[in-house]
>>> print(open('structure08.txt').read())   # compact mmCIF, C-alpha atoms
# COMPACT_ATOMS: atom_id res chain seq x y z
CA MET A 1 48.26 6.09 -29.37
CA ALA A 2 49.13 2.75 -27.95
CA GLN A 3 48.50 2.29 -24.25
CA PHE A 4 51.77 1.94 -22.37
CA TYR A 5 51.60 -0.46 -19.43
CA LYS A 6 55.27 -0.98 -18.45
CA ARG A 7 54.21 -4.18 -16.65
CA LEU A 8 54.28 -7.59 -18.24
CA PRO A 9 51.12 -9.61 -18.74
CA ARG A 10 50.82 -12.90 -16.88
CA PHE A 11 52.34 -15.99 -18.39
CA GLN A 12 53.73 -19.32 -17.33
CA TYR A 13 57.52 -19.63 -17.38
CA LEU A 14 58.97 -22.88 -18.67
CA LEU A 15 62.66 -23.73 -18.45
CA PRO A 16 63.40 -26.88 -20.45
CA LYS A 17 66.75 -28.57 -19.83
CA THR A 18 66.99 -30.26 -23.23
CA ILE A 19 66.05 -29.46 -26.83
CA GLU A 20 63.62 -32.40 -26.81
CA GLU A 21 61.86 -30.99 -23.78
CA ALA A 22 61.64 -27.54 -25.42
CA LEU A 23 60.12 -29.07 -28.55
CA SER A 24 57.60 -31.05 -26.49
CA PHE A 25 56.48 -27.79 -24.83
CA LEU A 26 56.04 -26.26 -28.29
CA LYS A 27 54.06 -29.30 -29.43
CA GLU A 28 51.84 -29.11 -26.37
CA HIS A 29 51.13 -25.37 -26.42
CA LYS A 30 51.57 -24.59 -30.15
CA ALA A 31 50.91 -20.91 -30.90
CA ALA A 32 50.21 -20.23 -27.19
CA ALA A 33 53.92 -20.72 -26.47
CA ARG A 34 56.71 -18.33 -27.37
CA LEU A 35 60.36 -19.25 -27.49
CA PHE A 36 62.40 -16.96 -25.30
CA ALA A 37 66.10 -16.23 -25.82
CA GLY A 38 67.46 -12.75 -25.02
CA GLY A 39 64.01 -11.22 -24.68
CA THR A 40 65.20 -7.80 -25.86
CA ASP A 41 62.49 -7.73 -28.53
CA LEU A 42 59.81 -9.96 -26.98
CA ILE A 43 59.69 -8.37 -23.49
CA PRO A 44 59.13 -4.78 -24.77
CA GLN A 45 56.53 -6.12 -27.23
CA LEU A 46 54.69 -7.88 -24.40
CA LYS A 47 54.89 -4.81 -22.18
CA LYS A 48 53.38 -2.70 -24.95
CA ARG A 49 50.79 -5.42 -25.71
CA GLU A 50 51.90 -5.38 -29.34
CA VAL A 51 51.69 -9.15 -29.71
CA ASP A 52 49.23 -11.85 -28.65
CA ILE A 53 49.87 -12.68 -25.02
CA PRO A 54 51.37 -16.17 -24.91
CA ARG A 55 50.19 -18.70 -22.32
CA CYS A 56 53.81 -19.61 -21.67
CA LEU A 57 57.35 -18.50 -22.40
CA VAL A 58 59.75 -21.32 -23.18
CA ASP A 59 63.15 -20.07 -22.01
CA LEU A 60 65.94 -21.75 -23.98
CA LYS A 61 68.65 -20.59 -21.57
CA GLY A 62 68.32 -23.72 -19.42
CA ILE A 63 69.63 -25.85 -22.31
CA PRO A 64 73.44 -26.11 -22.20
CA GLY A 65 75.59 -25.39 -25.25
CA LEU A 66 73.17 -23.30 -27.32
CA ASP A 67 75.34 -20.18 -27.02
CA SER A 68 78.25 -21.67 -28.98
CA ILE A 69 80.02 -19.94 -31.85
CA ALA A 70 82.25 -22.32 -33.80
CA TYR A 71 84.38 -21.93 -36.91
CA ASP A 72 86.23 -24.37 -39.07
CA GLU A 73 87.80 -24.09 -42.50
CA GLU A 74 85.36 -26.59 -44.03
CA ALA A 75 81.98 -25.76 -42.55
CA GLY A 76 82.49 -22.07 -41.88
CA LEU A 77 80.77 -20.36 -38.97
CA LYS A 78 78.08 -21.98 -36.85
CA ILE A 79 76.14 -19.68 -34.56
CA GLY A 80 74.05 -21.21 -31.79
CA PRO A 81 70.59 -19.76 -31.04
CA LEU A 82 71.70 -18.25 -27.73
CA ALA A 83 74.91 -16.61 -29.02
CA THR A 84 74.52 -12.98 -28.01
CA ILE A 85 75.16 -10.06 -30.34
CA ASN A 86 78.15 -9.04 -28.21
CA ALA A 87 79.54 -12.59 -28.30
CA ILE A 88 79.47 -12.41 -32.12
CA LYS A 89 81.00 -8.94 -32.03
CA ASP A 90 83.87 -10.13 -29.83
CA CYS A 91 84.44 -13.43 -31.64
CA PRO A 92 87.91 -13.56 -33.28
CA TYR A 93 86.65 -15.72 -36.19
CA VAL A 94 84.00 -13.15 -36.96
CA ARG A 95 86.57 -10.35 -36.81
CA ASP A 96 88.96 -12.22 -39.11
CA HIS A 97 86.57 -13.61 -41.72
CA TYR A 98 83.22 -11.83 -41.54
CA PRO A 99 83.68 -8.06 -41.17
CA SER A 100 80.08 -7.56 -42.35
CA LEU A 101 78.77 -9.56 -39.37
CA LEU A 102 81.01 -7.57 -37.06
CA GLN A 103 79.76 -4.30 -38.57
CA ALA A 104 76.14 -5.45 -38.23
CA ALA A 105 76.63 -6.59 -34.62
CA SER A 106 78.45 -3.40 -33.62
CA SER A 107 75.74 -1.20 -35.13
CA MET A 108 72.92 -2.76 -33.13
CA ALA A 109 71.25 -1.11 -30.14
CA SER A 110 73.46 -0.68 -27.03
CA PRO A 111 75.90 -2.72 -24.91
CA GLN A 112 73.07 -3.63 -22.54
CA VAL A 113 70.89 -4.96 -25.36
CA ARG A 114 73.80 -6.64 -27.15
CA ASN A 115 74.66 -8.49 -23.92
CA ARG A 116 71.20 -10.11 -23.96
CA GLY A 117 69.91 -10.07 -27.54
CA THR A 118 70.87 -12.85 -29.93
CA PHE A 119 71.54 -13.11 -33.67
CA ALA A 120 68.95 -15.90 -33.85
CA GLY A 121 66.37 -13.68 -32.17
CA ASN A 122 67.22 -10.84 -34.53
CA ILE A 123 66.38 -12.92 -37.60
CA CYS A 124 63.45 -14.82 -36.03
CA SER A 125 61.83 -11.49 -35.11
CA ALA A 126 62.14 -10.77 -38.84
CA VAL A 127 61.89 -7.01 -38.63
CA PRO A 128 62.67 -5.68 -42.16
CA SER A 129 65.47 -3.50 -40.73
CA ALA A 130 67.18 -6.34 -38.78
CA ASP A 131 70.88 -5.53 -39.12
CA SER A 132 72.13 -9.11 -39.10
CA ALA A 133 69.87 -10.09 -42.00
CA PRO A 134 71.50 -8.34 -45.01
CA ALA A 135 74.94 -9.53 -43.90
CA LEU A 136 73.73 -13.12 -43.47
CA LEU A 137 71.86 -12.99 -46.80
CA ALA A 138 74.89 -11.74 -48.73
CA LEU A 139 77.11 -14.34 -47.06
CA GLU A 140 74.62 -17.02 -48.25
CA ALA A 141 73.95 -18.22 -44.73
CA SER A 142 71.30 -20.77 -43.90
CA VAL A 143 69.40 -21.73 -40.78
CA ARG A 144 68.88 -25.20 -39.37
CA LEU A 145 65.38 -25.64 -37.94
CA LEU A 146 64.21 -28.49 -35.76
CA GLY A 147 60.59 -29.48 -35.13
CA GLN A 148 58.35 -32.46 -34.53
CA LYS A 149 58.70 -33.47 -38.16
CA GLY A 150 62.48 -33.42 -37.98
CA ALA A 151 65.25 -31.07 -39.00
CA ARG A 152 65.43 -28.95 -42.14
CA GLU A 153 67.87 -26.44 -43.51
CA VAL A 154 66.49 -23.23 -44.98
CA PRO A 155 68.66 -20.77 -46.94
CA MET A 156 68.38 -17.22 -45.61
CA ASP A 157 66.78 -15.98 -48.84
CA LYS A 158 63.87 -18.41 -48.25
CA PHE A 159 63.54 -17.71 -44.51
CA PHE A 160 61.69 -14.39 -44.39
CA THR A 161 58.11 -14.28 -45.66
CA GLY A 162 56.97 -10.81 -44.57
CA PRO A 163 57.39 -8.15 -41.89
CA ARG A 164 57.82 -10.15 -38.65
CA LYS A 165 57.01 -13.34 -40.55
CA THR A 166 59.24 -16.33 -41.30
CA VAL A 167 58.90 -19.95 -42.44
CA LEU A 168 59.36 -21.07 -38.82
CA GLU A 169 56.43 -23.27 -37.77
CA THR A 170 54.89 -22.93 -34.30
CA ASP A 171 56.40 -26.27 -33.26
CA GLU A 172 59.87 -25.48 -34.63
CA MET A 173 62.94 -23.83 -33.19
CA LEU A 174 66.07 -22.44 -34.81
CA LEU A 175 68.97 -24.70 -33.92
CA GLU A 176 71.85 -23.05 -35.74
CA ILE A 177 72.81 -20.29 -38.16
CA ARG A 178 75.36 -21.57 -40.67
CA VAL A 179 77.55 -19.11 -42.51
CA PRO A 180 79.76 -20.65 -45.22
CA ARG A 181 83.47 -19.95 -45.18
CA PRO A 182 84.17 -16.87 -47.33
CA LYS A 183 85.70 -17.77 -50.71
CA PRO A 184 89.46 -17.19 -50.90
CA GLY A 185 90.13 -13.55 -51.73
CA SER A 186 86.56 -12.47 -51.14
CA ARG A 187 85.60 -9.43 -49.09
CA ASN A 188 82.42 -8.49 -47.29
CA VAL A 189 80.95 -5.32 -45.87
CA TYR A 190 77.75 -4.09 -44.19
CA LEU A 191 76.86 -0.41 -44.27
CA LYS A 192 74.01 0.99 -42.20
CA LEU A 193 72.37 4.38 -42.41
CA SER A 194 70.57 5.60 -39.30
CA PRO A 195 70.17 9.14 -37.94
CA ARG A 196 71.86 8.14 -34.68
CA HIS A 197 74.86 5.88 -34.29
CA SER A 198 73.28 4.02 -31.36
CA MET A 199 69.88 2.70 -30.32
CA ASP A 200 68.49 3.28 -33.78
CA LEU A 201 67.02 1.19 -36.55
CA ALA A 202 68.49 1.18 -40.03
CA ILE A 203 66.83 3.47 -42.57
CA VAL A 204 68.83 1.54 -45.14
CA GLY A 205 71.22 -1.39 -44.72
CA VAL A 206 73.39 -2.71 -47.53
CA ALA A 207 75.61 -5.79 -47.43
CA VAL A 208 77.97 -6.81 -50.24
CA VAL A 209 80.14 -9.92 -50.55
CA ALA A 210 82.46 -9.98 -53.55
CA THR A 211 85.46 -11.69 -55.03
CA CYS A 212 87.59 -9.73 -57.44
CA GLU A 213 90.48 -11.21 -59.46
CA ASP A 214 92.70 -9.15 -61.77
CA GLY A 215 90.09 -6.41 -61.94
CA ILE A 216 87.31 -8.87 -62.86
CA CYS A 217 84.33 -9.41 -60.56
CA LYS A 218 84.20 -13.18 -60.06
CA ASP A 219 81.42 -13.41 -57.55
CA ILE A 220 79.03 -10.86 -56.10
CA LYS A 221 76.17 -10.97 -53.61
CA ILE A 222 74.19 -7.88 -52.65
CA ALA A 223 71.55 -7.75 -49.92
CA LEU A 224 69.39 -4.93 -48.57
CA GLY A 225 67.65 -4.27 -45.28
CA ALA A 226 64.84 -1.90 -44.29
CA VAL A 227 63.76 -1.15 -47.86
CA ALA A 228 61.31 -3.98 -48.62
CA PRO A 229 58.79 -6.06 -46.61
CA THR A 230 61.67 -8.42 -45.79
CA PRO A 231 65.46 -8.18 -46.05
CA ILE A 232 66.20 -9.06 -49.69
CA ARG A 233 68.88 -10.16 -52.14
CA VAL A 234 69.07 -8.30 -55.47
CA PRO A 235 70.06 -10.98 -58.02
CA ALA A 236 69.30 -8.81 -61.07
CA ALA A 237 71.93 -6.30 -59.97
CA GLU A 238 74.38 -9.09 -59.11
CA ARG A 239 74.06 -10.50 -62.66
CA ILE A 240 75.13 -7.19 -64.22
CA LEU A 241 78.46 -7.34 -62.39
CA GLU A 242 79.28 -11.00 -62.52
CA GLY A 243 82.28 -11.76 -64.74
CA LYS A 244 82.72 -8.10 -65.71
CA ARG A 245 85.70 -5.79 -65.43
CA ILE A 246 85.29 -3.36 -62.52
CA THR A 247 84.93 0.23 -63.75
CA PRO A 248 83.36 3.30 -62.15
CA GLU A 249 80.68 3.10 -64.88
CA ILE A 250 79.59 -0.42 -64.05
CA ILE A 251 79.53 0.30 -60.31
CA GLU A 252 77.32 3.31 -61.10
CA GLU A 253 75.01 1.15 -63.23
CA VAL A 254 74.73 -1.59 -60.60
CA SER A 255 74.10 0.92 -57.79
CA GLN A 256 71.26 2.45 -59.79
CA ASN A 257 69.88 -0.99 -60.52
CA VAL A 258 69.99 -1.91 -56.81
CA ALA A 259 68.04 1.27 -55.96
CA ALA A 260 65.45 0.38 -58.62
CA GLN A 261 64.96 -3.11 -57.12
CA CYS A 262 63.96 -2.00 -53.62
CA SER A 263 60.44 -1.14 -52.49
CA PRO A 264 60.81 1.02 -49.39
CA ILE A 265 58.03 2.26 -47.16
CA ASP A 266 57.35 5.95 -46.68
CA ASP A 267 57.18 6.66 -42.95
CA HIS A 268 58.26 8.95 -40.12
CA ARG A 269 61.78 7.52 -40.16
CA ALA A 270 62.41 8.38 -43.80
CA SER A 271 60.54 9.08 -46.98
CA LEU A 272 60.38 6.55 -49.78
CA GLU A 273 62.46 8.80 -52.04
CA TYR A 274 65.16 9.34 -49.43
CA ARG A 275 65.43 5.64 -48.68
CA ARG A 276 65.76 4.84 -52.38
CA ASP A 277 68.40 7.53 -52.91
CA MET A 278 70.33 6.25 -49.91
CA VAL A 279 70.18 2.67 -51.22
CA TYR A 280 71.96 3.99 -54.32
CA ILE A 281 74.56 5.85 -52.25
CA LEU A 282 75.22 3.01 -49.82
CA ALA A 283 75.31 0.38 -52.58
CA ARG A 284 77.88 2.42 -54.50
CA ARG A 285 79.91 2.95 -51.35
CA ALA A 286 79.77 -0.76 -50.41
CA LEU A 287 80.68 -1.89 -53.95
CA ASN A 288 83.62 0.50 -54.08
CA ASN A 289 84.66 -0.71 -50.65
CA VAL A 290 84.88 -4.39 -51.58
CA LEU A 291 85.78 -4.17 -55.28
CA THR A 292 88.19 -1.29 -55.74
CA LYS A 293 90.20 -0.80 -52.56
CA MET B 1 55.48 -18.26 -8.07
CA GLU B 2 59.02 -19.28 -8.88
CA GLN B 3 61.77 -19.79 -6.34
CA ILE B 4 65.04 -18.00 -7.19
CA LYS B 5 68.40 -17.54 -5.50
CA LEU B 6 70.51 -14.58 -6.43
CA THR B 7 73.30 -12.45 -5.04
CA VAL B 8 72.76 -8.70 -5.01
CA ASN B 9 75.68 -6.49 -3.96
CA GLY B 10 77.37 -9.46 -2.33
CA LYS B 11 74.34 -10.47 -0.28
CA GLY B 12 72.50 -13.73 -1.02
CA TYR B 13 68.71 -13.75 -1.36
CA GLU B 14 66.15 -16.52 -1.73
CA LEU B 15 62.96 -15.11 -3.15
CA GLN B 16 59.56 -16.14 -4.45
CA VAL B 17 58.89 -14.17 -7.64
CA ARG B 18 56.08 -13.98 -10.15
CA PRO B 19 57.23 -15.36 -13.54
CA TRP B 20 56.26 -12.09 -15.22
CA ALA B 21 58.10 -9.83 -12.73
CA SER B 22 61.06 -7.98 -14.20
CA LEU B 23 64.38 -8.01 -12.40
CA LEU B 24 63.90 -4.25 -11.96
CA GLU B 25 60.58 -4.72 -10.12
CA VAL B 26 62.16 -7.28 -7.78
CA ILE B 27 65.21 -5.08 -7.10
CA ARG B 28 63.08 -2.02 -6.36
CA ASP B 29 59.90 -3.44 -4.81
CA ASP B 30 61.01 -6.68 -3.13
CA LEU B 31 64.57 -5.73 -2.13
CA GLY B 32 63.85 -2.02 -1.64
CA LEU B 33 66.92 -0.97 -3.61
CA THR B 34 65.42 2.07 -5.28
CA GLY B 35 68.69 3.46 -6.64
CA THR B 36 67.95 1.55 -9.85
CA LYS B 37 65.51 3.70 -11.84
CA GLU B 38 62.72 2.85 -14.24
CA GLY B 39 62.85 5.14 -17.26
CA CYS B 40 61.33 3.91 -20.49
CA GLY B 41 60.62 0.39 -19.24
CA GLU B 42 61.45 -1.12 -22.62
CA GLY B 43 65.22 -1.36 -22.81
CA GLU B 44 65.91 1.88 -24.65
CA CYS B 45 67.12 4.40 -22.06
CA GLY B 46 69.46 2.51 -19.73
CA ALA B 47 68.23 4.13 -16.49
CA CYS B 48 67.60 0.64 -15.05
CA THR B 49 71.11 -0.63 -15.90
CA VAL B 50 72.53 -3.15 -13.43
CA ILE B 51 75.58 -5.40 -13.71
CA MET B 52 74.74 -9.09 -14.03
CA ASP B 53 77.68 -11.50 -13.95
CA GLY B 54 80.00 -8.67 -15.02
CA LYS B 55 77.86 -7.44 -17.91
CA ALA B 56 75.63 -4.38 -18.10
CA VAL B 57 71.98 -5.26 -18.70
CA ASN B 58 68.70 -3.38 -18.73
CA SER B 59 66.94 -4.82 -15.68
CA CYS B 60 63.53 -3.69 -16.99
CA ILE B 61 63.67 -6.25 -19.81
CA VAL B 62 65.27 -9.09 -17.85
CA LEU B 63 62.86 -11.38 -16.03
CA ALA B 64 63.57 -11.91 -12.34
CA VAL B 65 63.52 -15.67 -12.94
CA GLU B 66 66.37 -15.22 -15.44
CA ALA B 67 68.52 -13.85 -12.62
CA ASP B 68 68.38 -17.17 -10.75
CA GLY B 69 71.92 -18.07 -9.70
CA ARG B 70 73.36 -14.77 -10.92
CA GLN B 71 75.51 -12.09 -9.32
CA ILE B 72 73.93 -8.63 -9.52
CA THR B 73 75.52 -5.28 -8.73
CA THR B 74 73.29 -2.22 -8.38
CA ILE B 75 74.34 1.36 -7.70
CA GLU B 76 73.99 0.66 -3.95
CA GLY B 77 76.74 -1.96 -4.24
CA LEU B 78 79.55 0.29 -5.47
CA ALA B 79 80.55 2.25 -2.38
CA GLU B 80 82.33 0.54 0.50
CA GLY B 81 80.63 2.02 3.53
CA ASP B 82 81.13 5.78 3.28
CA LYS B 83 83.93 5.40 0.76
CA LEU B 84 82.56 6.10 -2.70
CA HIS B 85 83.70 4.16 -5.75
CA PRO B 86 86.15 6.18 -7.92
CA VAL B 87 83.51 6.41 -10.66
CA GLN B 88 81.03 7.88 -8.19
CA GLU B 89 83.66 10.33 -6.93
CA ALA B 90 84.45 11.42 -10.49
CA PHE B 91 80.79 12.04 -11.33
CA LEU B 92 80.44 14.13 -8.15
CA GLU B 93 83.59 16.15 -8.73
CA MET B 94 82.91 16.83 -12.41
CA GLY B 95 79.18 17.49 -11.87
CA GLY B 96 78.28 14.73 -14.34
CA MET B 97 74.55 15.02 -13.66
CA GLN B 98 71.63 17.38 -13.39
CA CYS B 99 68.39 15.71 -12.30
CA GLY B 100 70.29 12.53 -11.47
CA PHE B 101 67.74 10.06 -12.83
CA CYS B 102 70.10 8.57 -15.43
CA THR B 103 73.13 8.71 -13.11
CA PRO B 104 72.97 5.21 -11.52
CA GLY B 105 72.86 3.69 -15.01
CA MET B 106 75.60 5.99 -16.29
CA ILE B 107 77.86 5.08 -13.38
CA LEU B 108 77.30 1.33 -13.74
CA SER B 109 77.92 1.44 -17.51
CA THR B 110 81.08 3.45 -16.80
CA LYS B 111 82.21 0.86 -14.24
CA VAL B 112 81.76 -1.99 -16.75
CA LEU B 113 83.60 0.03 -19.42
CA LEU B 114 86.54 0.81 -17.13
CA ASP B 115 86.69 -2.72 -15.69
CA GLY B 116 87.46 -3.90 -19.22
CA ASN B 117 89.52 -0.94 -20.43
CA LYS B 118 91.41 1.46 -18.17
CA ASN B 119 92.52 3.66 -21.08
CA PRO B 120 89.33 4.24 -23.08
CA THR B 121 89.51 6.48 -26.13
CA ASP B 122 86.80 9.10 -26.68
CA GLU B 123 85.16 6.66 -29.09
CA ASP B 124 85.34 3.82 -26.52
CA ILE B 125 83.55 6.06 -24.00
CA ARG B 126 80.84 7.01 -26.51
CA LYS B 127 80.32 3.34 -27.45
CA GLY B 128 80.45 2.23 -23.82
CA LEU B 129 77.72 4.65 -22.78
CA GLU B 130 75.63 4.47 -25.95
CA GLY B 131 72.83 2.65 -24.12
CA ASN B 132 72.38 5.33 -21.45
CA PHE B 133 70.28 8.39 -22.23
CA CYS B 134 70.53 11.68 -20.37
CA ARG B 135 67.85 14.26 -21.11
CA CYS B 136 69.47 17.09 -19.10
CA THR B 137 73.20 17.45 -19.49
CA GLY B 138 73.96 17.19 -23.17
CA TYR B 139 76.50 14.53 -22.10
CA THR B 140 79.56 16.81 -21.99
CA LYS B 141 80.00 16.66 -18.22
CA ILE B 142 79.16 12.97 -18.13
CA PHE B 143 81.86 12.41 -20.73
CA GLU B 144 84.34 14.41 -18.63
CA SER B 145 83.32 12.43 -15.55
CA VAL B 146 84.16 9.16 -17.29
CA LYS B 147 87.56 10.52 -18.31
CA ALA B 148 88.20 11.66 -14.74
CA ALA B 149 87.09 8.27 -13.42
CA ALA B 150 89.50 6.50 -15.77
CA GLN B 151 92.30 8.70 -14.50
CA LYS B 152 91.41 7.94 -10.86
CA ILE B 153 91.33 4.21 -11.52
CA ARG B 154 94.68 4.28 -13.33
CA ARG B 155 96.35 6.01 -10.37
>>> encode(input="structure08.txt", output="structure tokens")
Amino acid sequence: MAQFYKRLPRFQYLLPKTIEEALSFLKEHKAAARLFAGGTDLIPQLKKREVDIPRCLVDLKGIPGLDSIAYDEEAGLKIGPLATINAIKDCPYVRDHYPSLLQAASSMASPQVRNRGTFAGNICSAVPSADSAPALLALEASVRLLGQKGAREVPMDKFFTGPRKTVLETDEMLLEIRVPRPKPGSRNVYLKLSPRHSMDLAIVGVAVVATCEDGICKDIKIALGAVAPTPIRVPAAERILEGKRITPEIIEEVSQNVAAQCSPIDDHRASLEYRRDMVYILARRALNNVLTK
Amino acid sequence: MEQIKLTVNGKGYELQVRPWASLLEVIRDDLGLTGTKEGCGEGECGACTVIMDGKAVNSCIVLAVEADGRQITTIEGLAEGDKLHPVQEAFLEMGGMQCGFCTPGMILSTKVLLDGNKNPTDEDIRKGLEGNFCRCTGYTKIFESVKAAAQKIRR
């Protein structure tokens, strides 16, 4: 059993006032520095000594403007790295255009954690069950990263590389999450299964974004959380539906295909078989939700 | 050591804190305000809930340095002299506690909930208190206390 200290290890606290200053700290300390936003994941990990103790924490909260959430009809939604989960949850643009992001944000942790934790932190921590991830994947979001070598934009489906692993380099920071404007007439949903409604990780998370015209599925994106080493898209299942007439039979076929694509772990939260069965159930429910109602 | 200025229950403090000290440690050990409790120590249970700039936070996972320039309310800051806050009165009258360890956090989460919504539905109350665990009561009396508190505040 892991030793439980409840006290933080020693580290230096750095509070840059600009992005350039933050990046120079990262350049100087490399892997010995950790970026620090809400801290709702990092602080418990440090208390439990689950991660390498960093020499310094680089707190981004001294940099003005990083908590912005902006929406426009062209670019869609832009989420700053310090935008808290509750800020996303209470954002009118999110409520009007991205119900799946609202559902993901509302399902996470508790008010206390949502007041501190950020969407950027949720995806940079890269836990396979991260609730924001399936919604962002299905909405074809991307992240803008900035480092010593300059800026780059990485689509969400190329961002995660393993459990708690991403393409983020040690000298890079996430500058923005970009979520395209939903296509006209499209709908999106995120469904989460967890034994408790609060303070609980997803056993299965399913996000679906779809456009349906005259009973024909024009566009479909399906993403899963907590049932593979990273949150994943399931393009093979999407291809079955694309351009087809929506029938109960095809929704059944796609749901089964989605369940076949996942590779869940078997652990104390849920068995492999249960997770796979629930992927089928939640996928069917999510597809019915966006395609047939 | 880092120099911070913060306001706790309306009183200004200038403190030297270790960068790795949690806000909870500073509130309890440096300021002596032991009404804020340490439960799990990792942001799960809500026993250490305080109000920072109007929002409920788990003080065990907030660094003291992050509270620089902030306004903090702890359970000690609710009553005015001997006059209890309506939420405190409601918890007393309804018996919304057993061992009492979770109570400061419950009361502060209730205050934040009712500050924003004087007519909470049952669902609003459940969502508002979802980050506060009680291992004694089974929540029924706490739930009734919140309803009674809402009624008191509306009057």
>>> interface_residues(input="structure08.txt", of="chain B", to="chain A", cutoff="9 Å", atoms="all atoms listed in the file", output="JSON list (two decimals) with C-alpha atoms, in the coordinates of the input")
[["chain", "number", "residue", "atom", "x", "y", "z"],
["B", 2, "GLU", "CA", 59.02, -19.28, -8.88],
["B", 18, "ARG", "CA", 56.08, -13.98, -10.15],
["B", 19, "PRO", "CA", 57.23, -15.36, -13.54],
["B", 20, "TRP", "CA", 56.26, -12.09, -15.22],
["B", 21, "ALA", "CA", 58.10, -9.83, -12.73],
["B", 22, "SER", "CA", 61.06, -7.98, -14.20],
["B", 40, "CYS", "CA", 61.33, 3.91, -20.49],
["B", 41, "GLY", "CA", 60.62, 0.39, -19.24],
["B", 42, "GLU", "CA", 61.45, -1.12, -22.62],
["B", 43, "GLY", "CA", 65.22, -1.36, -22.81],
["B", 44, "GLU", "CA", 65.91, 1.88, -24.65],
["B", 45, "CYS", "CA", 67.12, 4.40, -22.06],
["B", 46, "GLY", "CA", 69.46, 2.51, -19.73],
["B", 49, "THR", "CA", 71.11, -0.63, -15.90],
["B", 55, "LYS", "CA", 77.86, -7.44, -17.91],
["B", 56, "ALA", "CA", 75.63, -4.38, -18.10],
["B", 57, "VAL", "CA", 71.98, -5.26, -18.70],
["B", 58, "ASN", "CA", 68.70, -3.38, -18.73],
["B", 60, "CYS", "CA", 63.53, -3.69, -16.99],
["B", 61, "ILE", "CA", 63.67, -6.25, -19.81],
["B", 62, "VAL", "CA", 65.27, -9.09, -17.85],
["B", 63, "LEU", "CA", 62.86, -11.38, -16.03],
["B", 65, "VAL", "CA", 63.52, -15.67, -12.94],
["B", 66, "GLU", "CA", 66.37, -15.22, -15.44],
["B", 109, "SER", "CA", 77.92, 1.44, -17.51],
["B", 127, "LYS", "CA", 80.32, 3.34, -27.45],
["B", 128, "GLY", "CA", 80.45, 2.23, -23.82],
["B", 129, "LEU", "CA", 77.72, 4.65, -22.78],
["B", 130, "GLU", "CA", 75.63, 4.47, -25.95],
["B", 131, "GLY", "CA", 72.83, 2.65, -24.12],
["B", 132, "ASN", "CA", 72.38, 5.33, -21.45]]
>>> residues_near_point(input="structure08.txt", point="(83.0, -14.3, -16.1)", cutoff="12 Å", atoms="only C-alpha atoms", output="short mmCIF file (atom, residue, chain, number, x, y, z; two decimals) with C-alpha atoms, in the coordinates of the input")
data_model
loop_
_atom_site.label_atom_id
_atom_site.label_comp_id
_atom_site.auth_asym_id
_atom_site.auth_seq_id
_atom_site.Cartn_x
_atom_site.Cartn_y
_atom_site.Cartn_z
CA ILE B 51 75.58 -5.40 -13.71
CA MET B 52 74.74 -9.09 -14.03
CA ASP B 53 77.68 -11.50 -13.95
CA GLY B 54 80.00 -8.67 -15.02
CA LYS B 55 77.86 -7.44 -17.91
CA ARG B 70 73.36 -14.77 -10.92
CA GLN B 71 75.51 -12.09 -9.32
CA GLY B 116 87.46 -3.90 -19.22
#
>>> closest_atom_pairs(input="structure08.txt", of="segment 109-198 of chain A", to="segment 226-243 of chain A", cutoff="9 Å", atoms="all atoms listed in the file", output="Markdown table")
| residue | atom | partner | partner_atom | distance |
| --- | --- | --- | --- | --- |
| A:Ala126 | CA | A:Thr230 | CA | 7.4 |
| A:Val127 | CA | A:Thr230 | CA | 7.3 |
| A:Pro128 | CA | A:Thr230 | CA | 4.7 |
| A:Ser129 | CA | A:Ala226 | CA | 4.0 |
| A:Ala130 | CA | A:Ala226 | CA | 7.5 |
| A:Asp131 | CA | A:Ala226 | CA | 8.7 |
| A:Ala133 | CA | A:Pro231 | CA | 6.3 |
| A:Pro134 | CA | A:Pro231 | CA | 6.1 |
| A:Leu137 | CA | A:Arg233 | CA | 6.7 |
| A:Ala138 | CA | A:Arg233 | CA | 7.1 |
| A:Asp157 | CA | A:Ile232 | CA | 7.0 |
| A:Phe160 | CA | A:Thr230 | CA | 6.1 |
| A:Thr161 | CA | A:Thr230 | CA | 6.9 |
| A:Gly162 | CA | A:Thr230 | CA | 5.4 |
| A:Pro163 | CA | A:Pro229 | CA | 5.3 |
| A:Arg164 | CA | A:Thr230 | CA | 8.3 |
| A:Lys165 | CA | A:Thr230 | CA | 8.6 |
>>> atom_distance(input="structure08.txt", atom1="atom CA of Glu253 of chain A", atom2="atom CA of Pro182 of chain A")
25.7 Å
>>> residues_near_point(input="structure08.txt", point="(78.3, 12.4, -22.3)", cutoff="12 Å", atoms="only C-alpha atoms", output="ChimeraX atom specification")
/B:91,94-97,102-103,106-107,109-110,122-147
>>> residues_around(input="structure08.txt", residues="Ala286 of chain A", least_positions_apart="4", cutoff="10 Å", atoms="all atoms listed in the file", output="MDAnalysis selection string")
chainID A and resid 188:191 206:209 222 251 255 280:282 290:292
>>> atom_distance(input="structure08.txt", atom1="atom CA of Glu21 of chain A", atom2="atom CA of Glu169 of chain A")
16.9 Å
>>> residues_around(input="structure08.txt", residues="segment 150-153 of chain B", least_positions_apart="2", cutoff="8 Å", atoms="all atoms listed in the file", output="VMD selection string")
chain B and resid 86 to 87 90 114 118 to 120 146 to 148 155
>>> atom_distance(input="structure08.txt", atom1="atom CA of Leu193 of chain A", atom2="atom CA of Tyr274 of chain A")
11.2 Å
